[in-house]
>>> print(open('data19.txt').read())   # compact mmCIF, C-alpha atoms
# COMPACT_ATOMS: atom_id res chain seq x y z
CA MET A 10 96.14 80.50 91.62
CA ASN A 11 97.50 83.64 93.29
CA VAL A 12 96.76 86.56 90.96
CA LEU A 13 98.11 90.07 91.46
CA VAL A 14 96.20 92.85 89.69
CA VAL A 15 97.90 96.22 89.21
CA PHE A 16 95.26 98.88 88.56
CA ASN A 17 95.77 102.48 87.44
CA HIS A 18 92.89 104.86 86.77
CA PRO A 19 92.00 107.90 88.89
CA TYR A 20 88.25 107.94 88.12
CA GLU A 21 86.14 105.44 90.06
CA LYS A 22 83.41 105.30 87.40
CA SER A 23 85.71 104.74 84.44
CA PHE A 24 85.40 101.80 82.07
CA CYS A 25 88.73 100.61 83.47
CA ALA A 26 87.04 100.40 86.88
CA ALA A 27 84.29 98.29 85.34
CA ILE A 28 86.96 96.05 83.81
CA LEU A 29 88.60 95.67 87.22
CA ALA A 30 85.27 94.61 88.73
CA SER A 31 84.86 92.00 85.99
CA VAL A 32 88.42 90.78 86.54
CA GLN A 33 87.73 90.32 90.25
CA THR A 34 84.37 88.61 89.63
CA GLY A 35 85.91 86.21 87.13
CA LEU A 36 88.87 85.38 89.34
CA ARG A 37 86.66 84.66 92.34
CA ALA A 38 84.37 82.48 90.20
CA GLY A 39 87.40 80.53 89.05
CA GLY A 40 88.58 79.91 92.60
CA HIS A 41 91.60 82.17 92.28
CA ASP A 42 93.03 84.38 95.02
CA CYS A 43 93.03 88.02 93.93
CA ASP A 44 95.24 90.78 95.33
CA VAL A 45 94.75 94.28 93.87
CA ILE A 46 97.29 97.10 93.93
CA TYR A 47 95.46 100.42 93.51
CA LEU A 48 98.25 102.74 92.40
CA ASP A 49 96.05 105.86 92.54
CA ARG A 50 94.64 105.12 96.01
CA ASP A 51 98.13 104.33 97.29
CA ASP A 52 99.46 107.74 96.15
CA PHE A 53 102.32 105.80 94.60
CA ASP A 54 105.32 107.96 93.72
CA PRO A 55 106.22 106.96 90.13
CA ALA A 56 109.37 109.05 89.82
CA MET A 57 112.79 107.45 89.84
CA ARG A 58 114.69 109.48 92.44
CA SER A 59 118.46 109.66 92.84
CA LYS A 60 118.46 106.96 95.50
CA ASP A 61 116.43 104.68 93.21
CA LEU A 62 118.97 105.04 90.44
CA GLN A 63 121.77 104.38 92.93
CA ALA A 64 119.94 101.23 94.01
CA PHE A 65 119.54 100.21 90.36
CA VAL A 66 123.30 100.33 89.86
CA LEU A 67 124.09 98.68 93.22
CA ALA A 68 121.68 95.81 92.52
CA ARG A 69 124.09 94.37 89.97
CA THR A 70 126.53 93.42 92.73
CA ASP A 71 124.61 93.79 96.02
CA SER A 72 120.87 93.18 95.74
CA ALA A 73 120.37 93.15 99.52
CA GLY A 74 122.09 96.50 99.87
CA ALA A 75 120.05 97.91 96.99
CA GLU A 76 116.77 96.85 98.61
CA GLN A 77 117.64 98.82 101.76
CA MET A 78 117.58 101.98 99.66
CA LEU A 79 114.07 101.42 98.28
CA ASP A 80 110.80 102.90 99.54
CA ALA A 81 108.71 100.82 101.95
CA GLN A 82 105.86 100.91 99.42
CA VAL A 83 108.06 99.43 96.71
CA LEU A 84 109.11 96.66 99.10
CA ASN A 85 105.46 95.97 99.88
CA TYR A 86 104.74 95.67 96.16
CA ARG A 87 107.80 93.43 95.82
CA ASP A 88 106.50 90.98 98.41
CA ARG A 89 103.09 90.80 96.72
CA LEU A 90 104.68 90.39 93.29
CA HIS A 91 106.83 87.49 94.49
CA ARG A 92 103.70 85.63 95.63
CA ALA A 93 101.95 86.08 92.29
CA GLU A 94 101.44 83.18 89.91
CA HIS A 95 99.78 85.46 87.36
CA LEU A 96 100.05 89.21 86.93
CA VAL A 97 97.22 91.34 85.47
CA PHE A 98 97.59 95.01 84.52
CA VAL A 99 94.53 97.23 83.94
CA PHE A 100 95.01 100.79 82.69
CA PRO A 101 94.03 103.27 79.95
CA ILE A 102 96.28 104.18 77.06
CA TRP A 103 96.95 107.93 77.10
CA TRP A 104 99.02 109.50 74.31
CA GLU A 105 99.78 105.99 73.05
CA LEU A 106 101.39 104.83 76.32
CA MET A 107 100.50 103.92 79.91
CA PRO A 108 99.81 106.61 82.55
CA ALA A 109 102.67 107.84 84.72
CA LEU A 110 101.79 105.71 87.76
CA MET A 111 101.85 102.51 85.73
CA LYS A 112 105.13 103.45 84.06
CA GLY A 113 106.55 104.20 87.50
CA PHE A 114 105.44 100.78 88.78
CA VAL A 115 107.37 99.13 85.95
CA ASP A 116 110.42 101.34 86.53
CA LYS A 117 110.54 100.89 90.31
CA VAL A 118 109.18 97.35 90.87
CA ILE A 119 110.22 95.42 87.75
CA PHE A 120 113.65 96.19 89.07
CA PRO A 121 117.00 94.37 89.34
CA GLY A 122 117.15 92.36 92.54
CA ILE A 123 113.33 92.37 92.72
CA ALA A 124 112.01 91.02 89.44
CA TYR A 125 115.22 89.86 87.80
CA ASP A 126 118.95 89.47 88.16
CA GLN A 127 121.46 90.43 85.52
CA THR A 128 123.63 87.60 84.32
CA SER A 129 126.79 89.70 84.07
CA GLY A 130 128.28 92.69 85.86
CA ARG A 131 127.92 94.69 82.66
CA GLY A 132 124.13 94.37 82.83
CA VAL A 133 123.90 92.17 79.74
CA GLY A 134 121.31 89.38 80.01
CA MET A 135 118.55 88.85 82.55
CA VAL A 136 117.10 85.98 84.56
CA SER A 137 113.74 86.25 86.31
CA LYS A 138 113.49 86.21 90.11
CA LEU A 139 109.70 85.83 89.86
CA THR A 140 109.88 82.08 90.20
CA ALA A 141 106.14 81.61 90.88
CA LEU A 142 104.99 83.76 87.95
CA LYS A 143 103.40 81.76 85.13
CA GLY A 144 102.00 84.57 82.98
CA VAL A 145 101.12 88.21 82.45
CA THR A 146 97.89 89.68 81.05
CA VAL A 147 97.66 93.35 80.09
CA ILE A 148 94.17 94.85 79.67
CA THR A 149 93.95 98.35 78.19
CA THR A 150 91.37 100.85 76.97
CA MET A 151 91.83 103.57 74.39
CA ASN A 152 89.86 105.80 72.02
CA THR A 153 92.29 105.37 69.14
CA PRO A 154 91.09 102.92 66.45
CA SER A 155 93.00 99.65 66.74
CA ILE A 156 94.21 99.73 63.13
CA ILE A 157 95.75 103.17 63.65
CA TYR A 158 97.34 102.13 66.93
CA ARG A 159 98.80 99.06 65.25
CA PHE A 160 100.12 100.50 62.01
CA LEU A 161 100.87 104.11 62.94
CA PHE A 162 102.03 103.66 66.53
CA GLY A 163 103.32 100.10 66.24
CA ASN A 164 101.23 98.67 69.11
CA ALA A 165 103.46 100.63 71.48
CA ILE A 166 102.12 99.09 74.70
CA LYS A 167 102.64 95.54 73.44
CA ARG A 168 106.17 96.34 72.34
CA ALA A 169 107.12 98.20 75.51
CA LEU A 170 105.47 96.10 78.22
CA LEU A 171 105.01 92.56 76.94
CA THR A 172 108.08 92.37 74.71
CA GLY A 173 110.34 95.10 76.03
CA THR A 174 109.83 94.16 79.69
CA PHE A 175 108.40 90.72 80.37
CA TRP A 176 109.85 88.86 77.39
CA LYS A 177 113.25 90.22 78.33
CA ILE A 178 113.05 88.84 81.86
CA GLY A 179 111.82 85.46 80.62
CA VAL A 180 108.04 85.38 81.14
CA ARG A 181 106.76 83.14 78.35
CA ASN A 182 102.97 83.39 78.76
CA ARG A 183 102.06 86.97 77.80
CA LYS A 184 98.68 88.29 76.59
CA TRP A 185 97.38 91.74 75.65
CA ILE A 186 93.62 92.46 75.62
CA SER A 187 93.03 95.83 73.95
CA PHE A 188 89.67 97.62 73.86
CA SER A 189 89.65 100.43 71.29
CA ASN A 190 87.21 103.22 70.32
CA VAL A 191 85.77 102.89 73.83
CA LYS A 192 83.88 106.21 73.91
CA SER A 193 82.00 105.43 70.70
CA ARG A 194 80.98 101.88 71.66
CA THR A 195 77.43 100.99 72.65
CA ASN A 196 76.57 99.87 76.16
CA GLU A 197 75.81 96.43 74.74
CA LYS A 198 79.28 96.18 73.25
CA ARG A 199 80.93 97.27 76.48
CA GLN A 200 78.89 94.74 78.44
CA ALA A 201 79.95 92.01 76.02
CA TRP A 202 83.57 92.96 76.64
CA LEU A 203 83.07 92.79 80.41
CA THR A 204 81.42 89.38 80.11
CA GLN A 205 84.38 88.14 78.07
CA ILE A 206 86.82 89.44 80.68
CA GLU A 207 84.96 87.54 83.39
CA HIS A 208 85.17 84.36 81.31
CA ASP A 209 88.88 84.84 80.58
CA MET A 210 89.71 85.42 84.24
CA ARG A 211 87.57 82.51 85.44
CA SER A 212 89.41 80.13 83.11
CA LEU A 213 92.87 81.53 83.82
CA ALA A 214 95.44 78.77 84.04
>>> encode(input="data19.txt", output="structure tokens")
Amino acid sequence: MNVLVVFNHPYEKSFCAAILASVQTGLRAGGHDCDVIYLDRDDFDPAMRSKDLQAFVLARTDSAGAEQMLDAQVLNYRDRLHRAEHLVFVFPIWWELMPALMKGFVDKVIFPGIAYDQTSGRGVGMVSKLTALKGVTVITTMNTPSIIYRFLFGNAIKRALLTGTFWKIGVRNRKWISFSNVKSRTNEKRQAWLTQIEHDMRSLA
């Protein structure tokens, strides 16, 4: 299976980096092809500029014309996304949401004409253009207790990314793996998490 991993953490010794290593190890052990987008290393520009918003509007009627207005980096990500049969996101939760680079990836790459088409000129209804994509897995870390994140903040990442984005464009197989209270966990607990990630990625179907 062709798996695209989108990774966002600026610190190379973070627990997210350890998760990424386990993801790659598990995918290789399972015979999967693994392509990693390193948003921080790429110096990805997450901001929606005026031309991006113009392209967003134009994509409703002229997707080819809209693509000509997009950055070369976004088009590179587009090509890699279209090859993906499974999509994995790895990032920390900061202030209850994803970091800016990850949000920018969603804004600029999960984009009309790239990831989906709108079924009417009014922008009502969506149909996925990611015809090879079978599923999405989101792996996050946070220091907030899971019960607080669930009941006080409404599992904001799950609502925004898995439901608010990928459910809307028609991806049926969606999974969120959330590691909470990371700073207070023992090394043994963290290693158990990493081992589980390897197993999950190895058996990805």
>>> closest_residue(input="data19.txt", among="A:Leu142, A:Thr70, A:Ala169, A:Thr150", to="Thr128 (chain A)", atoms="all atoms listed in the file")
A:Thr70
>>> atom_distance(input="data19.txt", atom1="CA of Gly39 (chain A)", atom2="CA of His95 (chain A)")
13.4 Å
>>> closest_residue(input="data19.txt", among="A:Cys43, A:Val83, A:Ile156, A:Met111", to="Leu13 (chain A)", atoms="all atoms listed in the file")
A:Cys43
>>> closest_residue(input="data19.txt", among="A:Val15, A:Leu62, A:Ala165, A:Met135", to="Val115 (chain A)", atoms="all atoms listed in the file")
A:Val15
>>> residues_around(input="data19.txt", residues="Lys184 (chain A)", least_positions_apart="6", cutoff="9 Å", atoms="only C-alpha atoms", output="ChimeraX atom specification")
/A:144-148,167,171
